[in-house]
Structures are given as structure tokens and as C-alpha cells.
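Pasting structure_32.tsv here (TSV, C-alpha atoms):
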```tsv
chain	number	residue	atom	x	y	z
A	26	MET	CA	-10.43	4.31	19.92
A	27	GLY	CA	-13.06	5.93	17.73
A	28	ILE	CA	-10.56	6.82	15.01
A	29	ASP	CA	-12.19	7.30	11.61
A	30	ARG	CA	-9.20	8.19	9.50
A	31	VAL	CA	-5.87	7.15	11.02
A	32	ARG	CA	-3.10	9.77	10.82
A	33	TRP	CA	0.22	8.29	9.70
A	34	GLY	CA	3.69	9.72	10.15
A	35	ILE	CA	6.40	8.33	7.88
A	36	VAL	CA	9.96	8.23	9.21
A	37	ALA	CA	12.58	8.12	6.40
A	38	THR	CA	12.11	8.93	2.73
A	39	GLY	CA	13.87	6.07	0.93
A	40	ASN	CA	12.48	3.47	-1.46
A	41	ILE	CA	10.50	1.40	1.07
A	42	SER	CA	8.86	4.51	2.59
A	43	THR	CA	7.98	5.67	-0.92
A	44	GLN	CA	6.27	2.34	-1.69
A	45	PHE	CA	4.42	2.48	1.63
A	46	ALA	CA	3.23	6.06	1.07
A	47	HIS	CA	1.96	5.10	-2.42
A	48	ASP	CA	-0.10	2.30	-0.92
A	49	LEU	CA	-1.53	4.48	1.87
A	50	GLY	CA	-3.05	6.45	-0.99
A	51	LEU	CA	-5.18	3.37	-1.79
A	52	LEU	CA	-6.94	3.75	1.60
A	53	PRO	CA	-8.28	7.31	1.33
A	54	GLY	CA	-11.22	6.93	3.71
A	55	GLU	CA	-9.19	5.05	6.30
A	56	ALA	CA	-5.67	6.50	6.26
A	57	VAL	CA	-3.99	9.83	5.74
A	58	ALA	CA	-0.28	10.66	5.80
A	59	THR	CA	-0.03	13.81	7.92
A	60	ALA	CA	3.73	14.04	8.56
A	61	VAL	CA	7.11	12.89	7.30
A	62	ALA	CA	10.56	13.06	8.87
A	63	SER	CA	13.97	12.69	7.30
A	64	ARG	CA	17.52	13.48	8.41
A	65	SER	CA	17.45	16.44	6.00
A	66	GLN	CA	14.67	19.00	5.75
A	67	ASP	CA	15.22	18.95	2.00
A	68	SER	CA	14.36	15.25	1.66
A	69	ALA	CA	11.40	15.62	3.99
A	70	ASP	CA	10.08	18.59	1.97
A	71	ARG	CA	10.47	16.75	-1.34
A	72	PHE	CA	8.67	13.66	-0.02
A	73	ALA	CA	5.90	15.82	1.49
A	74	ALA	CA	5.41	17.59	-1.85
A	75	GLU	CA	5.25	14.30	-3.77
A	76	PHE	CA	2.57	12.81	-1.51
A	77	GLY	CA	0.71	15.95	-0.40
A	78	ILE	CA	1.80	15.56	3.23
A	79	PRO	CA	1.20	18.75	5.25
A	80	ASN	CA	4.02	18.48	7.84
A	81	ALA	CA	7.71	17.81	7.15
A	82	TYR	CA	10.43	17.52	9.80
A	83	ASP	CA	14.21	17.08	9.86
A	84	ASP	CA	14.08	15.02	13.06
A	85	TYR	CA	11.87	12.06	13.99
A	86	ARG	CA	11.47	13.42	17.54
A	87	LYS	CA	9.74	16.54	16.19
A	88	LEU	CA	7.33	14.35	14.24
A	89	ILE	CA	6.56	12.18	17.29
A	90	GLU	CA	6.03	15.23	19.52
A	91	SER	CA	3.98	17.13	16.92
A	92	GLY	CA	0.59	15.69	17.85
A	93	ASP	CA	-0.01	15.25	14.09
A	94	VAL	CA	0.06	11.44	14.06
A	95	ASP	CA	-1.65	8.38	15.56
A	96	VAL	CA	0.89	5.88	14.23
A	97	ILE	CA	4.33	6.03	12.63
A	98	TYR	CA	5.83	3.85	9.93
A	99	ILE	CA	9.61	3.44	10.30
A	100	GLY	CA	11.52	2.80	7.06
A	101	THR	CA	15.04	3.78	8.13
A	102	PRO	CA	18.12	1.51	7.97
A	103	HIS	CA	17.88	-1.34	10.52
A	104	PRO	CA	20.09	0.02	13.35
A	105	GLN	CA	17.96	3.16	13.70
A	106	HIS	CA	14.69	1.27	14.24
A	107	TYR	CA	15.16	0.63	17.95
A	108	ALA	CA	15.66	4.20	19.21
A	109	ILE	CA	12.90	5.65	17.00
A	110	ALA	CA	10.36	2.96	17.92
A	111	ARG	CA	11.18	3.27	21.63
A	112	THR	CA	10.75	7.07	21.57
A	113	ALA	CA	7.37	6.77	19.82
A	114	LEU	CA	6.03	4.03	22.10
A	115	GLN	CA	7.03	6.01	25.20
A	116	ALA	CA	5.12	8.97	23.74
A	117	GLY	CA	2.03	6.80	23.20
A	118	VAL	CA	2.35	6.87	19.40
A	119	ALA	CA	1.69	3.50	17.73
A	120	VAL	CA	4.51	1.95	15.68
A	121	LEU	CA	4.70	-0.11	12.49
A	122	CYS	CA	8.42	-0.73	12.05
A	123	GLU	CA	10.11	-2.26	9.02
A	124	LYS	CA	11.55	-5.70	9.47
A	125	PRO	CA	13.74	-6.63	11.17
A	126	VAL	CA	12.35	-4.40	13.93
A	127	THR	CA	15.71	-4.54	15.69
A	128	LEU	CA	19.08	-6.16	15.11
A	129	THR	CA	18.80	-8.38	18.20
A	130	ALA	CA	16.04	-10.30	19.98
A	131	ARG	CA	16.96	-8.53	23.23
A	132	GLN	CA	16.15	-5.11	21.75
A	133	ALA	CA	12.82	-6.42	20.40
A	134	ARG	CA	11.89	-7.82	23.83
A	135	ASP	CA	12.51	-4.38	25.27
A	136	LEU	CA	10.28	-2.67	22.68
A	137	ILE	CA	7.46	-5.14	23.32
A	138	ALA	CA	7.76	-4.47	27.05
A	139	VAL	CA	7.66	-0.69	26.44
A	140	ALA	CA	4.57	-1.13	24.22
A	141	ALA	CA	2.84	-3.08	27.01
A	142	GLU	CA	3.86	-0.54	29.66
A	143	HIS	CA	2.49	2.38	27.63
A	144	LYS	CA	-0.48	0.38	26.23
A	145	THR	CA	0.59	1.41	22.73
A	146	LEU	CA	0.38	-0.68	19.57
A	147	PHE	CA	3.63	-2.06	18.19
A	148	ALA	CA	4.08	-4.23	15.08
A	149	GLU	CA	6.83	-5.44	12.78
A	150	ALA	CA	6.14	-4.63	9.13
A	151	MET	CA	6.51	-8.21	7.88
A	152	TRP	CA	4.27	-7.45	4.91
A	153	MET	CA	4.47	-11.04	3.63
A	154	ARG	CA	2.27	-12.17	6.55
A	155	THR	CA	-0.57	-9.86	5.43
A	156	ASN	CA	-0.39	-10.77	1.73
A	157	PRO	CA	-3.68	-12.38	0.56
A	158	VAL	CA	-1.89	-15.10	-1.46
A	159	ILE	CA	0.32	-16.08	1.48
A	160	GLN	CA	-2.74	-16.11	3.75
A	161	ALA	CA	-4.56	-18.39	1.28
A	162	VAL	CA	-1.57	-20.77	1.20
A	163	PHE	CA	-1.60	-21.10	4.98
A	164	GLU	CA	-5.38	-21.59	5.01
A	165	ASP	CA	-4.72	-24.50	2.63
A	166	VAL	CA	-2.05	-25.89	4.97
A	167	LYS	CA	-4.49	-25.62	7.88
A	168	SER	CA	-7.24	-27.38	5.92
A	169	GLY	CA	-5.01	-30.47	5.63
A	170	VAL	CA	-4.99	-30.57	1.83
A	171	ILE	CA	-1.31	-31.67	1.75
A	172	GLY	CA	-1.39	-33.53	5.08
A	173	GLU	CA	0.96	-32.56	7.89
A	174	PRO	CA	3.80	-30.42	6.45
A	175	GLN	CA	7.09	-32.34	6.39
A	176	GLN	CA	9.38	-30.16	4.27
A	177	VAL	CA	9.75	-26.45	3.57
A	178	VAL	CA	12.17	-25.11	0.98
A	179	ALA	CA	12.67	-21.37	0.42
A	180	ASP	CA	15.34	-19.12	-1.04
A	181	PHE	CA	15.87	-15.38	-1.20
A	182	ALA	CA	19.10	-14.36	-2.89
A	183	PHE	CA	19.86	-11.65	-5.41
A	184	HIS	CA	22.89	-9.98	-6.93
A	185	LYS	CA	23.57	-6.57	-8.42
A	186	PRO	CA	27.01	-5.35	-9.48
A	187	ASP	CA	26.32	-2.13	-7.55
A	188	LEU	CA	24.67	-3.32	-4.33
A	189	PRO	CA	23.43	-0.49	-2.07
A	190	ALA	CA	26.29	0.39	0.31
A	191	ARG	CA	24.16	-0.33	3.39
A	192	LEU	CA	23.89	-4.02	2.40
A	193	LEU	CA	27.67	-4.38	2.75
A	194	ASP	CA	28.08	-2.25	5.89
A	195	PRO	CA	28.28	-4.26	9.15
A	196	ALA	CA	27.46	-1.11	11.16
A	197	LEU	CA	24.11	-0.92	9.32
A	198	GLY	CA	23.23	-4.58	9.85
A	199	GLY	CA	24.39	-5.33	6.32
A	200	GLY	CA	24.48	-8.78	4.78
A	201	SER	CA	21.90	-11.15	3.35
A	202	LEU	CA	20.25	-12.38	6.56
A	203	MET	CA	18.34	-9.27	7.64
A	204	ASP	CA	17.21	-8.17	4.18
A	205	GLY	CA	16.69	-11.57	2.58
A	206	GLY	CA	17.00	-14.43	5.06
A	207	ILE	CA	14.23	-13.13	7.28
A	208	TYR	CA	11.71	-14.05	4.52
A	209	PRO	CA	12.52	-17.77	4.13
A	210	MET	CA	12.84	-17.99	7.92
A	211	THR	CA	9.44	-16.37	8.49
A	212	PHE	CA	7.88	-18.56	5.80
A	213	ALA	CA	9.25	-21.76	7.36
A	214	TYR	CA	8.20	-20.55	10.83
A	215	MET	CA	4.65	-19.91	9.60
A	216	ALA	CA	4.51	-23.45	8.19
A	217	LEU	CA	6.30	-25.41	10.91
A	218	GLY	CA	6.73	-23.23	13.99
A	219	ARG	CA	9.98	-22.90	15.89
A	220	PRO	CA	12.59	-25.56	15.07
A	221	ALA	CA	14.04	-27.84	17.75
A	222	GLU	CA	17.42	-27.66	16.01
A	223	LEU	CA	19.02	-25.15	13.65
A	224	LYS	CA	22.27	-25.55	11.71
A	225	ALA	CA	23.70	-22.73	9.63
A	226	VAL	CA	26.73	-22.22	7.40
A	227	GLY	CA	27.74	-18.99	5.73
A	228	SER	CA	30.35	-17.26	3.59
A	229	LEU	CA	31.42	-13.88	4.97
A	230	ASN	CA	33.47	-11.15	3.31
A	231	GLU	CA	36.52	-9.55	4.91
A	232	ASP	CA	34.25	-7.08	6.77
A	233	GLY	CA	32.33	-9.94	8.41
A	234	VAL	CA	29.23	-9.41	6.25
A	235	ASP	CA	27.29	-12.54	5.25
A	236	LEU	CA	27.15	-12.94	1.47
A	237	ASN	CA	25.79	-16.50	1.29
A	238	VAL	CA	23.94	-18.44	3.99
A	239	ALA	CA	22.31	-21.87	4.13
A	240	MET	CA	20.14	-22.96	7.04
A	241	ALA	CA	18.74	-26.36	7.96
A	242	TRP	CA	15.95	-26.70	10.52
A	243	ARG	CA	14.68	-29.82	12.28
A	244	HIS	CA	11.33	-29.88	14.04
A	245	ASP	CA	9.95	-32.16	16.75
A	246	SER	CA	7.21	-33.20	14.31
A	247	GLY	CA	9.93	-34.79	12.15
A	248	ALA	CA	9.68	-31.98	9.58
A	249	VAL	CA	12.73	-30.23	8.15
A	250	ALA	CA	13.37	-26.94	6.31
A	251	ALA	CA	16.12	-25.97	3.87
A	252	LEU	CA	16.54	-22.20	3.57
A	253	THR	CA	19.04	-20.01	1.73
A	254	CYS	CA	19.75	-16.32	1.32
A	255	GLY	CA	22.55	-14.37	-0.30
A	256	LEU	CA	23.87	-11.36	-2.18
A	257	ARG	CA	25.94	-13.25	-4.75
A	258	SER	CA	23.47	-15.11	-6.97
A	259	GLN	CA	20.33	-14.56	-9.03
A	260	ASN	CA	18.04	-17.06	-7.34
A	261	PRO	CA	14.56	-18.21	-8.35
A	262	TRP	CA	13.14	-16.75	-5.07
A	263	VAL	CA	10.66	-19.59	-4.73
A	264	ALA	CA	9.20	-21.48	-1.79
A	265	SER	CA	7.25	-24.66	-1.17
A	266	ILE	CA	5.53	-26.53	1.64
A	267	SER	CA	5.19	-30.29	1.16
A	268	GLY	CA	3.38	-33.05	3.01
A	269	PRO	CA	2.41	-36.68	2.36
A	270	GLU	CA	-0.61	-35.65	0.26
A	271	GLY	CA	1.05	-33.02	-1.95
A	272	SER	CA	2.68	-29.62	-2.07
A	273	LEU	CA	1.98	-25.89	-2.25
A	274	GLN	CA	4.45	-23.98	-4.39
A	275	LEU	CA	4.98	-20.23	-4.54
A	276	PRO	CA	6.55	-18.68	-7.64
A	277	HIS	CA	9.33	-16.11	-8.11
A	278	ARG	CA	9.19	-13.38	-5.45
A	279	PHE	CA	7.39	-15.79	-3.15
A	280	HIS	CA	7.09	-13.15	-0.41
A	281	HIS	CA	4.48	-11.22	-2.41
A	282	PRO	CA	3.22	-13.54	-5.14
A	283	GLU	CA	0.13	-13.31	-7.35
A	284	TYR	CA	-0.74	-17.00	-7.26
A	285	TYR	CA	0.40	-20.38	-5.99
A	286	VAL	CA	0.27	-23.94	-7.31
A	287	ARG	CA	-1.43	-26.73	-5.34
A	288	THR	CA	-0.28	-30.19	-6.39
A	289	THR	CA	-2.13	-33.24	-5.04
A	290	ALA	CA	-3.14	-36.70	-6.32
A	291	SER	CA	-5.71	-34.96	-8.51
A	292	GLY	CA	-3.03	-32.95	-10.35
A	293	ALA	CA	-1.58	-29.44	-10.28
A	294	GLU	CA	-3.90	-26.46	-9.92
A	295	ARG	CA	-2.94	-22.82	-10.18
A	296	ILE	CA	-4.70	-20.79	-7.48
A	297	ASP	CA	-5.06	-17.10	-8.33
A	298	VAL	CA	-5.83	-14.72	-5.49
A	299	PRO	CA	-6.83	-11.13	-6.33
A	300	THR	CA	-4.35	-8.54	-5.05
A	301	HIS	CA	-3.82	-4.88	-5.84
A	302	GLY	CA	-1.38	-2.08	-5.14
A	303	ARG	CA	2.22	-2.73	-4.18
A	304	GLY	CA	1.17	-4.86	-1.20
A	305	TYR	CA	1.92	-2.50	1.72
A	306	HIS	CA	-1.67	-1.38	2.31
A	307	TYR	CA	-2.55	-4.85	3.61
A	308	GLU	CA	-0.25	-4.43	6.62
A	309	ALA	CA	-1.40	-0.80	7.06
A	310	SER	CA	-5.04	-1.97	7.18
A	311	ALA	CA	-4.22	-4.70	9.69
A	312	VAL	CA	-2.50	-2.11	11.91
A	313	MET	CA	-5.43	0.31	11.67
A	314	ASP	CA	-7.95	-2.42	12.55
A	315	ALA	CA	-5.92	-3.27	15.66
A	316	LEU	CA	-5.53	0.41	16.54
A	317	ARG	CA	-9.29	0.97	16.32
A	318	ALA	CA	-9.82	-2.08	18.52
A	319	GLY	CA	-7.51	-0.58	21.15
A	320	ALA	CA	-5.07	-3.50	20.82
A	321	ILE	CA	-1.30	-3.31	21.30
A	322	GLU	CA	-0.66	-6.24	18.98
A	323	VAL	CA	-1.74	-6.93	15.38
A	324	PRO	CA	-3.12	-10.50	15.04
A	325	ALA	CA	-1.39	-11.05	11.67
A	326	LEU	CA	1.91	-9.62	13.00
A	327	PRO	CA	2.26	-11.30	16.40
A	328	HIS	CA	4.92	-10.19	18.89
A	329	ALA	CA	5.85	-13.81	19.71
A	330	ALA	CA	6.72	-14.51	16.07
A	331	THR	CA	8.80	-11.31	15.77
A	332	LEU	CA	10.78	-12.37	18.86
A	333	GLU	CA	11.23	-16.00	17.88
A	334	ILE	CA	12.47	-15.10	14.38
A	335	LEU	CA	15.00	-12.69	15.92
A	336	ASP	CA	16.08	-15.42	18.36
A	337	LEU	CA	16.63	-17.70	15.35
A	338	LEU	CA	18.52	-14.92	13.54
A	339	ASP	CA	20.69	-14.39	16.63
A	340	GLU	CA	21.50	-18.12	16.71
A	341	THR	CA	22.16	-18.23	12.96
A	342	ARG	CA	24.54	-15.29	13.28
A	343	ARG	CA	26.27	-16.95	16.23
A	344	GLN	CA	26.88	-20.09	14.18
A	345	ILE	CA	28.27	-18.26	11.13
A	346	GLY	CA	30.13	-15.55	13.06
A	347	VAL	CA	28.22	-12.37	12.14
A	348	ARG	CA	28.11	-9.55	14.70
A	349	TYR	CA	25.97	-6.40	14.75
A	350	PRO	CA	25.94	-3.14	16.69
A	351	GLY	CA	23.86	-3.78	19.81
A	352	ASP	CA	25.09	-7.34	20.36
A	353	ASP	CA	26.91	-6.26	23.52
A	354	ASP	CA	24.49	-3.58	24.71
A	355	ASP	CA	23.19	-3.87	28.25
A	356	LEU	CA	19.49	-2.97	28.13
A	357	SER	CA	18.84	-3.60	31.81
A	358	GLY	CA	18.99	0.11	32.67
```
Can I see the file as C-alpha cells?
Amino acid sequence: MGIDRVRWGIVATGNISTQFAHDLGLLPGEAVATAVASRSQDSADRFAAEFGIPNAYDDYRKLIESGDVDVIYIGTPHPQHYAIARTALQAGVAVLCEKPVTLTARQARDLIAVAAEHKTLFAEAMWMRTNPVIQAVFEDVKSGVIGEPQQVVADFAFHKPDLPARLLDPALGGGSLMDGGIYPMTFAYMALGRPAELKAVGSLNEDGVDLNVAMAWRHDSGAVAALTCGLRSQNPWVASISGPEGSLQLPHRFHHPEYYVRTTASGAERIDVPTHGRGYHYEASAVMDALRAGAIEVPALPHAATLEILDLLDETRRQIGVRYPGDDDDLSG
């Protein structure tokens, strides 16, 4: 593509977009934020001033049509991802969209098809996949140091007395699965692939929002996974992969850790992997490498995995009785 410095547009000005914009600043020769869009001009202007972004818009369409950007990062609430990503891809603007990219697997399939049709890069911002510690753990798995993985355990639950309203709003894809559960599920998927069987139980509130979920996976290899997520407990947020020769354990906040512990017959060893920044520049770099290569898919953020995780989320929701906007949409037109 011959792009030296990739021009980023940031859609939404909340916490996750703020973290992302901070980390883009760690890639000065490679990346530059040239535009931001928010629902209010005021928010867009404030964000632009904070990060020295030259163009601020009150509508994502204006940003996409501006010609100011090569790629957009979408950090809006979940239900808005689909329409924004689709508009950008149709306009030939590359997309890095916060996870989950859509609320349903069907919507994600459509976006991937649109990306292929317009030969435009599309990726889900599952930043955990691009984290150097996580990548080192899976290199270890691949090397056979613990033997063939047989068990994965992972949890991602938190509680605050004043949870953000969106987390409890069914219309916004609220609940623990999309914000928390997607991490243990992705971790188990990276270790074991797609399960042959999935069983899920959950506790829902009166609005049908999942507050506590437990998932059990069985794989054809004989391996199993035990995964939890929730909004009602202060969990350790840890994960492990175990095989006949030992285990690899990730500490608190396993989705972006600073180290892991490898335990084998020769004892336990703490493996430190250098990281810096907040962790979002790793996914930005992976996107820019793919963009420069003229690819429509980022190797570390594969389309197939995005789809399969959403299929598993759809099935989990079906089993526990959670419904989202878009479940009944007909996308055939």
C-alpha cells in the first residue's frame, strides 16, 4: 500500500478510545490520529484537543467520508459497531472494531463478506491476542512443554456498586458475557480450538441481563474447559492451561498480564515478558502491518476466530436465555 504513517480515525470518545489514543502516541513514526467522531461535537472537540487531533466530527459518517483516514478504530457501545463498521468497509476504509465486533455471529459474517467484497481490512480488537505475554504462553503450548493441553480454567468477573448503566442495559448488549466472558472464551479457544460440546448456566436479572455465567466445554481431544464470567463478584481474574507435563498459569488480569508461571517436573518458573504502554498499540501495530501488506485480515486477529467465538456466544446465550437487539434481524437483503 506504500503507507508510511497510517492515518487513524477514532469513533467514540469514552474510556476505551482514550486508552487507545494514548497508545497510538507510542507509535509516532508509524501512526497518527487525524480525526475523531462523537455523537456530540463538544465531546469530539475535547478529545481532539487532548490528543492534538486536527479533525473533529459529530457524526461517524462525516469522519468516514472526510478522506482524512486510512483506518478507523470503533470504541462505541456494542450495538453501534455493526452499522459503523459496515459503512466504513463499504467506503474502503479499514476497520479495527472493539470486541465483540457485533452482537451476533450473523452480523459478523456479513461484515467479513463486505470486507472481502470491498477488499478492505477488517479486524476485531481482541487486544489479548496481540499481547506479548499471551503470545509467549501460546508459543510454550505449541512447543509441547506441558504436553497436549487437557484442561483450561479461566474467570473474568468483577463487581462495582455503581456499574456503568450500559452493562445492565439489554438494548446495549449488557451483561457479563460480552464484556467479560469473551476473554475466557477466547483464551480457551486459543488453547483448545472450538469445543465439540458446550454447556452453560447463568443467573439473569429481571431485565434478562446475565449477571453470573458458568460454561463447560468438551473437546474431541478429550480436553475440557471451565469458564466463568460475572458482574456480581470480585474474582481473581486468572487463567491456566494444563497438560500431562505441567501447567502455564496467568496471574490477575490474565488478559493483559506482565508475566506467567510455567510449572513442570523441574519446578515453577516465573516468565517475565517485557511490555510497555497500556497494551493497545500491539493490536494497532498488527493492523498497520496487515494494511501495509494489502491484506484484509490481520494474522493475529483472524476472521474465523471472531466468527467462531460469536457462534459460541450465540449458543451460550441460547442456553441461558439472553437475547440481544439484532437476534431477529434478517440480513439477507
### Query
Can you find the residues with an atom no farther than 7 Å from (14.7, -15.1, 1.5), counting all atoms listed in the file, and report them as a ChimeraX atom specification?
/A:179-182,205-209,253-254,262
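Excluding region 79-85 of chain A and any residue on its chain fewer than 3 positions from it, the residues at most 7 Å away by all atoms listed in the file are A:Val36, A:Thr59, A:Ala60, A:Val61, A:Ala62, A:Ser63, A:Arg64, A:Ser65, A:Gln66, A:Ala69, A:Asp70, A:Ala73, A:Leu88, A:Ile89.
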Pull C-alpha atoms from the residues just selected and write them as a short mmCIF file (atom, residue, chain, number, x, y, z; two decimals), in the coordinates of the input.
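Output (selection-v3.cif):
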```cif
data_model
loop_
_atom_site.label_atom_id
_atom_site.label_comp_id
_atom_site.auth_asym_id
_atom_site.auth_seq_id
_atom_site.Cartn_x
_atom_site.Cartn_y
_atom_site.Cartn_z
CA VAL A 36 9.96 8.23 9.21
CA THR A 59 -0.03 13.81 7.92
CA ALA A 60 3.73 14.04 8.56
CA VAL A 61 7.11 12.89 7.30
CA ALA A 62 10.56 13.06 8.87
CA SER A 63 13.97 12.69 7.30
CA ARG A 64 17.52 13.48 8.41
CA SER A 65 17.45 16.44 6.00
CA GLN A 66 14.67 19.00 5.75
CA ALA A 69 11.40 15.62 3.99
CA ASP A 70 10.08 18.59 1.97
CA ALA A 73 5.90 15.82 1.49
CA LEU A 88 7.33 14.35 14.24
CA ILE A 89 6.56 12.18 17.29
#
```
### Task
Find the residues around Glu294 (chain A) up to 12 Å (all atoms listed in the file counted), leave out those fewer than 2 positions away in its own chain, and share them as a VMD selection string.
chain A and resid 271 to 274 284 to 292 296 to 297
### Message
From the options A:Asp336, A:Glu123, A:Asp314, A:Glu173, which residue's atoms come nearest to Gly247 (chain A), counting only C-alpha atoms?
### Response
A:Glu173
### Task
Report the distance between CA of Ala221 (chain A) and CA of Phe147 (chain A) in Å, rounded to one decimal place.
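Separating CA of Ala221 (chain A) from CA of Phe147 (chain A) is a distance of 27.8 Å.
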### Task
Extract, using only C-alpha atoms, all DNA, RNA and protein residues at most 10 Å from Asp352 (chain A), discarding same-chain residues fewer than 5 positions from it, and format them as a ChimeraX atom specification.
/A:128-132,339
### Message
Within 12 Å of (9.7, -21.6, 15.2) (file coordinates; all atoms listed in the file), which protein or nucleic acid residues are there? I'd like them as a ChimeraX atom specification.
### Response
/A:210-223,242-246,248-250,329-338
Would you mind writing region 269-288 of chain A with N, CA, C and O atoms, as an mmCIF file, in the frame of the given file?
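To be explicit, this is the file written out as part.cif:
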```
data_model
loop_
_atom_site.group_PDB
_atom_site.id
_atom_site.type_symbol
_atom_site.label_atom_id
_atom_site.label_comp_id
_atom_site.auth_asym_id
_atom_site.auth_seq_id
_atom_site.Cartn_x
_atom_site.Cartn_y
_atom_site.Cartn_z
ATOM 1 N N PRO A 269 2.630 -35.359 2.986
ATOM 2 C CA PRO A 269 2.410 -36.680 2.360
ATOM 3 C C PRO A 269 1.369 -36.664 1.239
ATOM 4 O O PRO A 269 1.403 -37.510 0.348
ATOM 5 N N GLU A 270 0.461 -35.671 1.266
ATOM 6 C CA GLU A 270 -0.610 -35.650 0.260
ATOM 7 C C GLU A 270 -0.333 -34.697 -0.907
ATOM 8 O O GLU A 270 -1.142 -34.604 -1.827
ATOM 9 N N GLY A 271 0.771 -33.938 -0.845
ATOM 10 C CA GLY A 271 1.050 -33.020 -1.950
ATOM 11 C C GLY A 271 1.868 -31.812 -1.517
ATOM 12 O O GLY A 271 2.474 -31.818 -0.435
ATOM 13 N N SER A 272 1.866 -30.805 -2.371
ATOM 14 C CA SER A 272 2.680 -29.620 -2.070
ATOM 15 C C SER A 272 2.002 -28.333 -2.519
ATOM 16 O O SER A 272 1.131 -28.341 -3.398
ATOM 17 N N LEU A 273 2.419 -27.238 -1.889
ATOM 18 C CA LEU A 273 1.980 -25.890 -2.250
ATOM 19 C C LEU A 273 3.232 -25.122 -2.642
ATOM 20 O O LEU A 273 4.170 -25.012 -1.849
ATOM 21 N N GLN A 274 3.242 -24.630 -3.887
ATOM 22 C CA GLN A 274 4.450 -23.980 -4.390
ATOM 23 C C GLN A 274 4.167 -22.507 -4.702
ATOM 24 O O GLN A 274 3.152 -22.187 -5.330
ATOM 25 N N LEU A 275 5.089 -21.663 -4.266
ATOM 26 C CA LEU A 275 4.980 -20.230 -4.540
ATOM 27 C C LEU A 275 6.033 -19.838 -5.564
ATOM 28 O O LEU A 275 7.193 -20.263 -5.463
ATOM 29 N N PRO A 276 5.644 -19.006 -6.544
ATOM 30 C CA PRO A 276 6.550 -18.680 -7.640
ATOM 31 C C PRO A 276 7.571 -17.609 -7.258
ATOM 32 O O PRO A 276 7.648 -17.191 -6.107
ATOM 33 N N HIS A 277 8.332 -17.174 -8.258
ATOM 34 C CA HIS A 277 9.330 -16.110 -8.110
ATOM 35 C C HIS A 277 8.771 -14.938 -7.296
ATOM 36 O O HIS A 277 7.620 -14.562 -7.474
ATOM 37 N N ARG A 278 9.608 -14.401 -6.414
ATOM 38 C CA ARG A 278 9.190 -13.380 -5.450
ATOM 39 C C ARG A 278 8.083 -13.923 -4.547
ATOM 40 O O ARG A 278 7.009 -13.355 -4.417
ATOM 41 N N PHE A 279 8.397 -15.062 -3.941
ATOM 42 C CA PHE A 279 7.390 -15.790 -3.150
ATOM 43 C C PHE A 279 6.837 -14.964 -1.993
ATOM 44 O O PHE A 279 5.769 -15.269 -1.475
ATOM 45 N N HIS A 280 7.552 -13.919 -1.580
ATOM 46 C CA HIS A 280 7.090 -13.150 -0.410
ATOM 47 C C HIS A 280 5.950 -12.204 -0.748
ATOM 48 O O HIS A 280 5.276 -11.719 0.146
ATOM 49 N N HIS A 281 5.738 -11.894 -2.033
ATOM 50 C CA HIS A 281 4.480 -11.220 -2.410
ATOM 51 C C HIS A 281 4.054 -11.681 -3.805
ATOM 52 O O HIS A 281 4.101 -10.956 -4.770
ATOM 53 N N PRO A 282 3.572 -12.927 -3.869
ATOM 54 C CA PRO A 282 3.220 -13.540 -5.140
ATOM 55 C C PRO A 282 1.803 -13.184 -5.584
ATOM 56 O O PRO A 282 1.026 -12.619 -4.820
ATOM 57 N N GLU A 283 1.487 -13.544 -6.834
ATOM 58 C CA GLU A 283 0.130 -13.310 -7.350
ATOM 59 C C GLU A 283 -0.694 -14.591 -7.371
ATOM 60 O O GLU A 283 -1.903 -14.548 -7.557
ATOM 61 N N TYR A 284 -0.029 -15.720 -7.227
ATOM 62 C CA TYR A 284 -0.740 -17.000 -7.260
ATOM 63 C C TYR A 284 0.132 -18.045 -6.588
ATOM 64 O O TYR A 284 1.286 -17.787 -6.221
ATOM 65 N N TYR A 285 -0.426 -19.244 -6.407
ATOM 66 C CA TYR A 285 0.400 -20.380 -5.990
ATOM 67 C C TYR A 285 -0.118 -21.624 -6.701
ATOM 68 O O TYR A 285 -1.184 -21.598 -7.321
ATOM 69 N N VAL A 286 0.661 -22.704 -6.638
ATOM 70 C CA VAL A 286 0.270 -23.940 -7.310
ATOM 71 C C VAL A 286 0.088 -25.032 -6.250
ATOM 72 O O VAL A 286 0.981 -25.305 -5.457
ATOM 73 N N ARG A 287 -1.107 -25.626 -6.267
ATOM 74 C CA ARG A 287 -1.430 -26.730 -5.340
ATOM 75 C C ARG A 287 -1.338 -28.032 -6.138
ATOM 76 O O ARG A 287 -2.055 -28.206 -7.124
ATOM 77 N N THR A 288 -0.442 -28.903 -5.706
ATOM 78 C CA THR A 288 -0.280 -30.190 -6.390
ATOM 79 C C THR A 288 -0.666 -31.315 -5.441
ATOM 80 O O THR A 288 -0.092 -31.456 -4.361
#
```
